[in-house]
$ cat protein_19.cif   # mmCIF, C-alpha atoms
data_run
loop_
_atom_site.group_PDB
_atom_site.id
_atom_site.type_symbol
_atom_site.label_atom_id
_atom_site.label_comp_id
_atom_site.auth_asym_id
_atom_site.auth_seq_id
_atom_site.Cartn_x
_atom_site.Cartn_y
_atom_site.Cartn_z
ATOM 1 C CA MET A 9 104.653 90.128 108.614
ATOM 2 C CA ALA A 10 102.694 92.777 110.451
ATOM 3 C CA GLY A 11 99.777 91.747 112.620
ATOM 4 C CA GLN A 12 96.968 93.328 114.615
ATOM 5 C CA VAL A 13 95.473 93.344 118.067
ATOM 6 C CA THR A 14 91.852 94.413 117.587
ATOM 7 C CA GLY A 15 89.276 95.882 119.946
ATOM 8 C CA ARG A 16 89.461 98.026 123.083
ATOM 9 C CA ASP A 17 89.674 95.137 125.579
ATOM 10 C CA ALA A 18 92.317 93.242 123.610
ATOM 11 C CA VAL A 19 94.481 96.346 123.165
ATOM 12 C CA LEU A 20 94.167 97.212 126.869
ATOM 13 C CA SER A 21 95.169 93.672 127.813
ATOM 14 C CA ALA A 22 98.161 93.770 125.479
ATOM 15 C CA LEU A 23 99.306 97.086 126.957
ATOM 16 C CA GLN A 24 98.847 95.915 130.546
ATOM 17 C CA ASN A 25 100.658 92.623 129.910
ATOM 18 C CA GLY A 26 103.672 94.289 128.289
ATOM 19 C CA GLN A 27 103.116 92.866 124.808
ATOM 20 C CA ASP A 28 105.315 94.416 122.123
ATOM 21 C CA LEU A 29 103.210 96.904 120.167
ATOM 22 C CA ASP A 30 104.560 99.181 117.453
ATOM 23 C CA MET A 31 101.589 101.561 117.284
ATOM 24 C CA VAL A 32 98.070 101.984 118.625
ATOM 25 C CA LEU A 33 95.151 103.585 116.782
ATOM 26 C CA VAL A 34 92.054 104.792 118.611
ATOM 27 C CA ASP A 35 88.678 106.211 117.595
ATOM 28 C CA ARG A 36 88.885 109.936 118.295
ATOM 29 C CA GLU A 37 85.194 110.002 119.276
ATOM 30 C CA LYS A 38 85.377 107.193 121.853
ATOM 31 C CA ASP A 39 86.615 107.264 125.447
ATOM 32 C CA THR A 40 90.019 105.587 125.254
ATOM 33 C CA THR A 41 91.634 107.442 128.174
ATOM 34 C CA LEU A 42 93.231 104.373 129.760
ATOM 35 C CA ILE A 43 94.690 103.214 126.440
ATOM 36 C CA ARG A 44 96.148 106.672 125.885
ATOM 37 C CA GLN A 45 97.677 106.739 129.345
ATOM 38 C CA LEU A 46 99.265 103.316 128.971
ATOM 39 C CA CYS A 47 100.674 104.215 125.541
ATOM 40 C CA GLU A 48 102.222 107.356 127.012
ATOM 41 C CA GLN A 49 103.700 105.399 129.925
ATOM 42 C CA ARG A 50 105.220 102.794 127.603
ATOM 43 C CA GLY A 51 106.302 105.249 124.900
ATOM 44 C CA ILE A 52 104.126 103.637 122.227
ATOM 45 C CA LEU A 53 103.149 105.779 119.262
ATOM 46 C CA LEU A 54 99.411 106.556 119.198
ATOM 47 C CA HIS A 55 97.274 107.834 116.323
ATOM 48 C CA GLU A 56 93.654 108.944 116.236
ATOM 49 C CA GLY A 57 91.160 108.181 113.478
ATOM 50 C CA SER A 58 87.463 108.035 112.747
ATOM 51 C CA ALA A 59 85.295 104.978 113.351
ATOM 52 C CA ASN A 60 85.326 104.424 109.577
ATOM 53 C CA ASP A 61 89.142 104.563 109.492
ATOM 54 C CA LEU A 62 89.423 101.864 112.137
ATOM 55 C CA TRP A 63 86.686 99.760 110.564
ATOM 56 C CA ARG A 64 88.505 99.767 107.204
ATOM 57 C CA MET A 65 91.849 98.854 108.746
ATOM 58 C CA SER A 66 90.619 96.232 111.198
ATOM 59 C CA HIS A 67 90.797 92.559 110.311
ATOM 60 C CA ASP A 68 87.571 91.870 112.201
ATOM 61 C CA GLY A 69 85.684 95.153 112.123
ATOM 62 C CA ALA A 70 86.648 96.315 115.628
ATOM 63 C CA GLN A 71 86.226 100.076 115.778
ATOM 64 C CA ASP A 72 87.396 101.374 119.166
ATOM 65 C CA ALA A 73 91.087 100.531 119.084
ATOM 66 C CA LEU A 74 93.699 98.670 117.050
ATOM 67 C CA ALA A 75 97.348 97.900 117.691
ATOM 68 C CA LEU A 76 99.991 97.162 115.073
ATOM 69 C CA THR A 77 102.543 94.456 115.805
ATOM 70 C CA GLY A 78 105.548 93.070 113.974
ATOM 71 C CA ARG A 79 106.544 96.176 112.042
ATOM 72 C CA ASN A 80 108.871 99.027 112.927
ATOM 73 C CA THR A 81 107.208 102.185 111.640
ATOM 74 C CA GLU A 82 110.267 104.436 111.794
ATOM 75 C CA GLY A 83 113.937 104.296 110.814
ATOM 76 C CA THR A 84 116.829 105.878 108.955
ATOM 77 C CA LEU A 85 118.122 104.570 105.618
ATOM 78 C CA ASP A 86 120.798 102.480 107.337
ATOM 79 C CA GLU A 87 118.361 101.159 109.929
ATOM 80 C CA ILE A 88 115.761 99.978 107.438
ATOM 81 C CA MET A 89 118.404 98.297 105.285
ATOM 82 C CA GLN A 90 119.879 96.584 108.336
ATOM 83 C CA ARG A 91 116.448 95.286 109.335
ATOM 84 C CA GLY A 92 115.862 94.054 105.776
ATOM 85 C CA GLY A 93 112.621 92.479 104.614
ATOM 86 C CA THR A 94 110.761 93.881 101.613
ATOM 87 C CA ILE A 95 111.809 97.451 100.830
ATOM 88 C CA TRP A 96 110.520 99.518 97.901
ATOM 89 C CA PHE A 97 112.488 102.098 95.920
ATOM 90 C CA PHE A 98 110.463 104.357 93.613
ATOM 91 C CA ASP A 99 113.284 105.638 91.443
ATOM 92 C CA GLY A 100 112.740 109.176 90.156
ATOM 93 C CA VAL A 101 108.953 109.116 90.533
ATOM 94 C CA GLU A 102 107.970 112.782 90.676
ATOM 95 C CA TYR A 103 104.175 112.936 90.788
ATOM 96 C CA SER A 104 103.091 113.164 94.409
ATOM 97 C CA THR A 105 99.751 111.449 93.818
ATOM 98 C CA ASN A 106 101.463 108.513 92.107
ATOM 99 C CA LEU A 107 103.878 108.225 95.013
ATOM 100 C CA GLY A 108 100.998 108.177 97.458
ATOM 101 C CA PHE A 109 99.221 105.412 95.549
ATOM 102 C CA ALA A 110 102.474 103.427 95.341
ATOM 103 C CA ILE A 111 103.198 103.774 99.065
ATOM 104 C CA ARG A 112 99.701 102.549 99.852
ATOM 105 C CA THR A 113 100.188 99.476 97.644
ATOM 106 C CA ALA A 114 103.553 98.767 99.275
ATOM 107 C CA GLU A 115 102.053 98.989 102.771
ATOM 108 C CA VAL A 116 98.985 96.883 101.938
ATOM 109 C CA SER A 117 101.232 94.140 100.535
ATOM 110 C CA GLY A 118 103.250 93.969 103.762
ATOM 111 C CA ALA A 119 106.388 95.904 102.829
ATOM 112 C CA ASP A 120 108.818 96.939 105.543
ATOM 113 C CA ALA A 121 109.880 100.344 104.186
ATOM 114 C CA VAL A 122 109.885 102.699 101.207
ATOM 115 C CA VAL A 123 112.813 104.802 99.971
ATOM 116 C CA LEU A 124 112.569 107.780 97.617
ATOM 117 C CA ASN A 125 115.269 109.711 95.742
ATOM 118 C CA VAL A 126 113.214 112.818 94.977
ATOM 119 C CA SER A 127 113.008 115.987 97.038
ATOM 120 C CA LYS A 128 109.516 117.064 98.103
ATOM 121 C CA THR A 129 108.184 120.219 99.699
ATOM 122 C CA HIS A 130 106.043 120.102 102.815
ATOM 123 C CA GLU A 131 102.908 120.579 100.717
ATOM 124 C CA GLU A 132 103.934 117.831 98.275
ATOM 125 C CA ARG A 133 104.491 115.456 101.180
ATOM 126 C CA ARG A 134 101.008 116.264 102.422
ATOM 127 C CA THR A 135 99.680 115.313 98.975
ATOM 128 C CA ILE A 136 101.610 112.039 99.124
ATOM 129 C CA ARG A 137 100.182 111.345 102.565
ATOM 130 C CA ARG A 138 96.611 112.030 101.474
ATOM 131 C CA ALA A 139 96.927 109.911 98.308
ATOM 132 C CA SER A 140 98.355 107.027 100.340
ATOM 133 C CA MET A 141 95.363 107.213 102.716
ATOM 134 C CA ARG A 142 97.997 108.028 105.337
ATOM 135 C CA ALA A 143 99.644 104.634 104.885
ATOM 136 C CA ASP A 144 102.948 106.371 105.685
ATOM 137 C CA ARG A 145 101.892 106.163 109.356
ATOM 138 C CA PHE A 146 102.467 102.422 109.247
ATOM 139 C CA ILE A 147 105.691 102.125 107.246
ATOM 140 C CA PRO A 148 108.970 104.082 107.194
ATOM 141 C CA VAL A 149 109.243 106.404 104.184
ATOM 142 C CA VAL A 150 112.850 107.591 103.840
ATOM 143 C CA TYR A 151 114.103 110.318 101.496
ATOM 144 C CA SER A 152 117.689 109.955 100.270
ATOM 145 C CA ASN A 153 119.628 109.799 96.984
ATOM 146 C CA SER A 154 120.313 106.950 94.561
ATOM 147 C CA GLU A 155 123.963 106.489 95.469
ATOM 148 C CA ASP A 156 123.328 106.209 99.214
ATOM 149 C CA ILE A 157 120.316 103.941 98.717
ATOM 150 C CA LEU A 158 122.279 101.525 96.536
ATOM 151 C CA GLN A 159 125.297 101.586 98.848
ATOM 152 C CA ALA A 160 123.135 100.863 101.890
ATOM 153 C CA ALA A 161 121.461 97.971 100.082
ATOM 154 C CA LYS A 162 124.767 96.466 98.952
ATOM 155 C CA SER A 163 126.383 96.910 102.391
ATOM 156 C CA ASN A 164 123.523 95.028 104.029
ATOM 157 C CA ARG A 165 123.259 92.342 101.336
ATOM 158 C CA VAL A 166 119.805 93.425 100.273
ATOM 159 C CA LYS A 167 119.044 91.947 96.865
ATOM 160 C CA ILE A 168 118.147 94.625 94.283
ATOM 161 C CA ILE A 169 115.330 93.618 91.909
ATOM 162 C CA VAL A 170 114.416 96.093 89.169
ATOM 163 C CA ALA A 171 111.296 96.069 86.992
ATOM 164 C CA GLU A 172 112.258 97.345 83.529
ATOM 165 C CA ASP A 173 111.766 96.403 79.885
ATOM 166 C CA THR A 174 115.427 95.392 79.633
ATOM 167 C CA GLY A 175 114.616 92.339 81.745
ATOM 168 C CA LYS A 176 114.497 88.821 80.349
ATOM 169 C CA VAL A 177 112.367 87.008 82.946
ATOM 170 C CA GLY A 178 109.043 87.623 84.688
ATOM 171 C CA PRO A 179 108.716 88.515 88.400
ATOM 172 C CA TRP A 180 107.436 84.979 89.133
ATOM 173 C CA ASP A 181 110.728 83.547 87.829
ATOM 174 C CA VAL A 182 112.817 85.432 90.422
ATOM 175 C CA ASP A 183 113.060 84.811 94.176
ATOM 176 C CA MET A 184 111.591 87.890 95.879
ATOM 177 C CA THR A 185 111.666 86.496 99.404
ATOM 178 C CA GLY A 186 114.292 87.405 101.993
ATOM 179 C CA ASP A 187 115.825 90.871 102.077
ATOM 180 C CA VAL A 188 114.967 92.614 98.805
ATOM 181 C CA LEU A 189 114.845 96.115 97.347
ATOM 182 C CA LEU A 190 112.075 96.223 94.732
ATOM 183 C CA VAL A 191 112.616 99.056 92.238
ATOM 184 C CA VAL A 192 110.064 100.683 89.938
ATOM 185 C CA GLY A 193 110.943 103.804 87.955
ATOM 186 C CA ALA A 194 109.194 106.922 86.734
ATOM 187 C CA GLU A 195 106.632 106.440 83.972
ATOM 188 C CA LYS A 196 108.474 108.503 81.340
ATOM 189 C CA LEU A 197 112.097 107.680 82.127
ATOM 190 C CA GLY A 198 111.847 104.309 83.835
ATOM 191 C CA VAL A 199 114.569 103.061 86.159
ATOM 192 C CA SER A 200 117.817 104.994 85.837
ATOM 193 C CA GLN A 201 120.848 103.338 84.281
ATOM 194 C CA LEU A 202 122.736 103.772 87.554
ATOM 195 C CA VAL A 203 120.174 101.651 89.380
ATOM 196 C CA GLN A 204 119.887 99.095 86.568
ATOM 197 C CA ASP A 205 123.663 98.626 86.618
ATOM 198 C CA ALA A 206 123.507 97.911 90.354
ATOM 199 C CA ALA A 207 120.634 95.419 90.061
ATOM 200 C CA ASP A 208 120.985 91.763 90.983
ATOM 201 C CA GLU A 209 117.925 90.922 88.871
ATOM 202 C CA ILE A 210 115.931 92.794 86.216
ATOM 203 C CA VAL A 211 112.424 91.532 85.580
ATOM 204 C CA ILE A 212 109.977 92.448 82.829
ATOM 205 C CA LEU A 213 106.191 92.514 82.924
ATOM 206 C CA PRO A 214 104.736 90.700 79.889
ATOM 207 C CA MET A 215 103.025 93.030 77.407
ATOM 208 C CA ASP A 216 101.085 92.312 74.235
ATOM 209 C CA GLY A 217 99.682 95.631 73.045
ATOM 210 C CA PHE A 218 100.727 98.665 71.015
ATOM 211 C CA VAL A 219 101.156 101.025 73.983
ATOM 212 C CA PRO A 220 104.795 100.623 75.083
ATOM 213 C CA SER A 221 104.331 100.234 78.845
ATOM 214 C CA TYR A 222 101.958 99.788 81.755
ATOM 215 C CA ASN A 223 101.415 102.704 84.082
ATOM 216 C CA LEU A 224 103.315 102.949 87.343
ATOM 217 C CA GLN A 225 100.519 101.588 89.497
ATOM 218 C CA VAL A 226 100.199 98.394 87.468
ATOM 219 C CA ALA A 227 103.933 97.694 87.716
ATOM 220 C CA VAL A 228 103.924 98.287 91.465
ATOM 221 C CA SER A 229 100.823 96.140 91.947
ATOM 222 C CA VAL A 230 102.159 93.196 89.935
ATOM 223 C CA LEU A 231 105.434 93.113 91.868
ATOM 224 C CA ALA A 232 103.694 93.687 95.209
ATOM 225 C CA VAL A 233 101.233 90.829 94.813
ATOM 226 C CA GLU A 234 103.878 88.444 93.458
ATOM 227 C CA ALA A 235 106.314 89.256 96.280
ATOM 228 C CA LEU A 236 103.551 88.723 98.850
ATOM 229 C CA ARG A 237 102.519 85.443 97.225
ATOM 230 C CA GLN A 238 106.084 84.161 97.397
ATOM 231 C CA ARG A 239 106.527 85.176 101.041
ATOM 232 C CA GLN A 240 103.253 83.564 102.081
ATOM 233 C CA GLN A 241 104.123 80.406 100.183
ATOM 234 C CA ASN A 242 107.405 80.159 102.123
ATOM 235 C CA GLN A 243 105.836 80.588 105.556
#

$ encode --input "protein_19.cif" --output "structure tokens"
Amino acid sequence: MAGQVTGRDAVLSALQNGQDLDMVLVDREKDTTLIRQLCEQRGILLHEGSANDLWRMSHDGAQDALALTGRNTEGTLDEIMQRGGTIWFFDGVEYSTNLGFAIRTAEVSGADAVVLNVSKTHEERRTIRRASMRADRFIPVVYSNSEDILQAAKSNRVKIIVAEDTGKVGPWDVDMTGDVLLVVGAEKLGVSQLVQDAADEIVILPMDGFVPSYNLQVAVSVLAVEALRQRQQNQ
């Protein structure tokens, strides 16, 4: 699980003592020269944000500097599958805003990576980034194709769990701890048959209305919270 080092003094101490840090965020309006220098010397990724950005992301309200620990923020498809953990696959989801919302939910719930099988222009990726509140800074987002994603998951023994109405059990009846690929499909087409055929488990979200399905964000949120609950329970 990812953690934080919060506040200017704590981040400086962590940098000076050689603590493993994946990323540092600083308030662009504050004097953080020494932190910047140490990050450059150690090759640690640094991002700038507003005081409000840091306040929202901090566990304790510290606003000058934050450091992210325990999560690799970059990686290729093979690398993220080798590292394992909780990986999300948004199968065929086309709407950039929906993808941004989904990536944000994945990051907030402690996921280790996101994989996508849709091609996006530079402008569309900017829309995804904005909709995610730039959560893609803190989690690898890898673009590939279905075949390579499934092969990489199988090769690295990552369990594939699909949410689809062909399922017979709820998400709470399936083990979502360990190395898992959680799959949610596009709102109109759902999860492709190719991906369903490769699944180790297919789960269904209970429904009791006339409308035939929840929207994408509900499906992602239900799986995200349940997967997090299970991981925390096993700690």

$ closest_residue --input "protein_19.cif" --among "A:Met31, A:Asp208, A:Asn60, A:Ser104" --to "Glu48 in chain A" --atoms "all atoms listed in the file"
A:Met31

$ atom_distance --input "protein_19.cif" --atom1 "CA of Arg64 in chain A" --atom2 "CA of Arg137 in chain A"
17.1 Å

$ residues_around --input "protein_19.cif" --residues "Gln45 in chain A" --least-positions-apart "6" --cutoff "12 Å" --atoms "all atoms listed in the file" --output "PDB file with C-alpha atoms, in the frame of the given file"
ATOM      1  CA  LEU A  20      94.167  97.212 126.869  1.00  0.00           C
ATOM      2  CA  LEU A  23      99.306  97.086 126.957  1.00  0.00           C
ATOM      3  CA  GLN A  24      98.847  95.915 130.546  1.00  0.00           C
ATOM      4  CA  VAL A  32      98.070 101.984 118.625  1.00  0.00           C
ATOM      5  CA  ASP A  39      86.615 107.264 125.447  1.00  0.00           C
ATOM      6  CA  GLY A  51     106.302 105.249 124.900  1.00  0.00           C
ATOM      7  CA  ILE A  52     104.126 103.637 122.227  1.00  0.00           C
ATOM      8  CA  LEU A  53     103.149 105.779 119.262  1.00  0.00           C
ATOM      9  CA  LEU A  54      99.411 106.556 119.198  1.00  0.00           C
TER      10      LEU A  54
END

$ closest_residue --input "protein_19.cif" --among "A:Ala22, A:Leu107, A:Ala59, A:Leu158" --to "Cys47 in chain A" --atoms "all atoms listed in the file"
A:Ala22

$ resolve_selection --input "protein_19.cif" --expression "the PyMOL selection byres ((chain A and resi 102) around 9)" --output "MDAnalysis selection string"
chainID A and resid 99:101 103:107 126:128 194

$ residues_around --input "protein_19.cif" --residues "range 187-190 of chain A" --least-positions-apart "4" --cutoff "7 Å" --atoms "only C-alpha atoms" --output "ChimeraX atom specification"
/A:92-97,166-170

$ atom_distance --input "protein_19.cif" --atom1 "CA of Lys162 in chain A" --atom2 "CA of Ala207 in chain A"
9.9 Å

$ axis_aligned_box --input "protein_19.cif" --around "range 125-130 of chain A" --padding-each-side "5 Å" --output "AutoDock Vina command-line options"
--center_x 110.7 --center_y 115.0 --center_z 98.9 --size_x 19.2 --size_y 20.5 --size_z 17.8

$ resolve_selection --input "protein_19.cif" --expression "the PyMOL selection byres ((chain A and resi 142) around 12)" --output "mmCIF file with C-alpha atoms, in the coordinates of the input"
data_model
loop_
_atom_site.group_PDB
_atom_site.id
_atom_site.type_symbol
_atom_site.label_atom_id
_atom_site.label_comp_id
_atom_site.auth_asym_id
_atom_site.auth_seq_id
_atom_site.Cartn_x
_atom_site.Cartn_y
_atom_site.Cartn_z
ATOM 1 C CA HIS A 55 97.274 107.834 116.323
ATOM 2 C CA GLU A 56 93.654 108.944 116.236
ATOM 3 C CA GLY A 57 91.160 108.181 113.478
ATOM 4 C CA ASP A 61 89.142 104.563 109.492
ATOM 5 C CA MET A 65 91.849 98.854 108.746
ATOM 6 C CA LEU A 107 103.878 108.225 95.013
ATOM 7 C CA GLY A 108 100.998 108.177 97.458
ATOM 8 C CA PHE A 109 99.221 105.412 95.549
ATOM 9 C CA ALA A 110 102.474 103.427 95.341
ATOM 10 C CA ILE A 111 103.198 103.774 99.065
ATOM 11 C CA ARG A 112 99.701 102.549 99.852
ATOM 12 C CA THR A 113 100.188 99.476 97.644
ATOM 13 C CA GLU A 115 102.053 98.989 102.771
ATOM 14 C CA VAL A 116 98.985 96.883 101.938
ATOM 15 C CA ARG A 133 104.491 115.456 101.180
ATOM 16 C CA ARG A 134 101.008 116.264 102.422
ATOM 17 C CA THR A 135 99.680 115.313 98.975
ATOM 18 C CA ILE A 136 101.610 112.039 99.124
ATOM 19 C CA ARG A 137 100.182 111.345 102.565
ATOM 20 C CA ARG A 138 96.611 112.030 101.474
ATOM 21 C CA ALA A 139 96.927 109.911 98.308
ATOM 22 C CA SER A 140 98.355 107.027 100.340
ATOM 23 C CA MET A 141 95.363 107.213 102.716
ATOM 24 C CA ALA A 143 99.644 104.634 104.885
ATOM 25 C CA ASP A 144 102.948 106.371 105.685
ATOM 26 C CA ARG A 145 101.892 106.163 109.356
ATOM 27 C CA PHE A 146 102.467 102.422 109.247
ATOM 28 C CA ILE A 147 105.691 102.125 107.246
ATOM 29 C CA PRO A 148 108.970 104.082 107.194
ATOM 30 C CA VAL A 149 109.243 106.404 104.184
#

$ closest_residue --input "protein_19.cif" --among "A:Leu236, A:Leu197, A:Ala73, A:Ile43" --to "Ser117 in chain A" --atoms "only C-alpha atoms"
A:Leu236

$ resolve_selection --input "protein_19.cif" --expression "the PyMOL selection byres ((chain A and resi 211-217) around 8)" --output "ChimeraX atom specification"
/A:169-179,182,209-210,218-221,227

$ write_last_selection --input "protein_19.cif" --atoms "C-alpha atoms" --output "PDB file, in the frame of the given file"
ATOM      1  CA  ILE A 169     115.330  93.618  91.909  1.00  0.00           C
ATOM      2  CA  VAL A 170     114.416  96.093  89.169  1.00  0.00           C
ATOM      3  CA  ALA A 171     111.296  96.069  86.992  1.00  0.00           C
ATOM      4  CA  GLU A 172     112.258  97.345  83.529  1.00  0.00           C
ATOM      5  CA  ASP A 173     111.766  96.403  79.885  1.00  0.00           C
ATOM      6  CA  THR A 174     115.427  95.392  79.633  1.00  0.00           C
ATOM      7  CA  GLY A 175     114.616  92.339  81.745  1.00  0.00           C
ATOM      8  CA  LYS A 176     114.497  88.821  80.349  1.00  0.00           C
ATOM      9  CA  VAL A 177     112.367  87.008  82.946  1.00  0.00           C
ATOM     10  CA  GLY A 178     109.043  87.623  84.688  1.00  0.00           C
ATOM     11  CA  PRO A 179     108.716  88.515  88.400  1.00  0.00           C
ATOM     12  CA  VAL A 182     112.817  85.432  90.422  1.00  0.00           C
ATOM     13  CA  GLU A 209     117.925  90.922  88.871  1.00  0.00           C
ATOM     14  CA  ILE A 210     115.931  92.794  86.216  1.00  0.00           C
ATOM     15  CA  PHE A 218     100.727  98.665  71.015  1.00  0.00           C
ATOM     16  CA  VAL A 219     101.156 101.025  73.983  1.00  0.00           C
ATOM     17  CA  PRO A 220     104.795 100.623  75.083  1.00  0.00           C
ATOM     18  CA  SER A 221     104.331 100.234  78.845  1.00  0.00           C
ATOM     19  CA  ALA A 227     103.933  97.694  87.716  1.00  0.00           C
TER      20      ALA A 227
END

$ build_atoms --input "protein_19.cif" --residues "range 98-122 of chain A" --atoms "N, CA and C atoms" --output "compact mmCIF listing (two decimals), keeping the file's coordinate frame"
# COMPACT_ATOMS: atom_id res chain seq x y z
N PHE A 98 111.13 103.76 94.76
CA PHE A 98 110.46 104.36 93.61
C PHE A 98 111.42 105.37 92.99
N ASP A 99 112.15 104.91 92.01
CA ASP A 99 113.28 105.64 91.44
C ASP A 99 112.83 106.78 90.54
N GLY A 100 113.02 108.01 90.98
CA GLY A 100 112.74 109.18 90.16
C GLY A 100 111.28 109.49 89.95
N VAL A 101 110.39 108.86 90.70
CA VAL A 101 108.95 109.12 90.53
C VAL A 101 108.64 110.50 91.11
N GLU A 102 108.15 111.39 90.28
CA GLU A 102 107.97 112.78 90.68
C GLU A 102 106.56 113.12 91.13
N TYR A 103 105.55 112.52 90.51
CA TYR A 103 104.18 112.94 90.79
C TYR A 103 103.76 112.49 92.19
N SER A 104 103.40 113.45 93.01
CA SER A 104 103.09 113.16 94.41
C SER A 104 101.94 112.20 94.56
N THR A 105 100.90 112.36 93.72
CA THR A 105 99.75 111.45 93.82
C THR A 105 100.16 110.02 93.49
N ASN A 106 100.97 109.85 92.45
CA ASN A 106 101.46 108.51 92.11
C ASN A 106 102.27 107.90 93.25
N LEU A 107 103.10 108.72 93.89
CA LEU A 107 103.88 108.22 95.01
C LEU A 107 102.97 107.79 96.15
N GLY A 108 101.93 108.56 96.41
CA GLY A 108 101.00 108.18 97.46
C GLY A 108 100.32 106.85 97.17
N PHE A 109 99.84 106.68 95.93
CA PHE A 109 99.22 105.41 95.55
C PHE A 109 100.22 104.26 95.70
N ALA A 110 101.47 104.48 95.28
CA ALA A 110 102.47 103.43 95.34
C ALA A 110 102.81 103.06 96.79
N ILE A 111 102.91 104.04 97.65
CA ILE A 111 103.20 103.77 99.06
C ILE A 111 102.06 102.96 99.69
N ARG A 112 100.83 103.31 99.33
CA ARG A 112 99.70 102.55 99.85
C ARG A 112 99.78 101.09 99.41
N THR A 113 100.07 100.85 98.14
CA THR A 113 100.19 99.48 97.64
C THR A 113 101.31 98.74 98.36
N ALA A 114 102.44 99.40 98.56
CA ALA A 114 103.55 98.77 99.28
C ALA A 114 103.13 98.37 100.69
N GLU A 115 102.46 99.28 101.39
CA GLU A 115 102.05 98.99 102.77
C GLU A 115 101.04 97.86 102.82
N VAL A 116 100.03 97.91 101.94
CA VAL A 116 98.98 96.88 101.94
C VAL A 116 99.58 95.50 101.69
N SER A 117 100.62 95.43 100.87
CA SER A 117 101.23 94.14 100.54
C SER A 117 102.28 93.70 101.55
N GLY A 118 102.39 94.42 102.67
CA GLY A 118 103.25 93.97 103.76
C GLY A 118 104.69 94.39 103.68
N ALA A 119 105.00 95.45 102.93
CA ALA A 119 106.39 95.90 102.83
C ALA A 119 106.89 96.44 104.17
N ASP A 120 108.20 96.48 104.30
CA ASP A 120 108.82 96.94 105.54
C ASP A 120 109.26 98.39 105.49
N ALA A 121 109.45 98.95 104.30
CA ALA A 121 109.88 100.34 104.19
C ALA A 121 109.80 100.78 102.73
N VAL A 122 109.82 102.10 102.53
CA VAL A 122 109.88 102.70 101.21
C VAL A 122 111.01 103.73 101.21
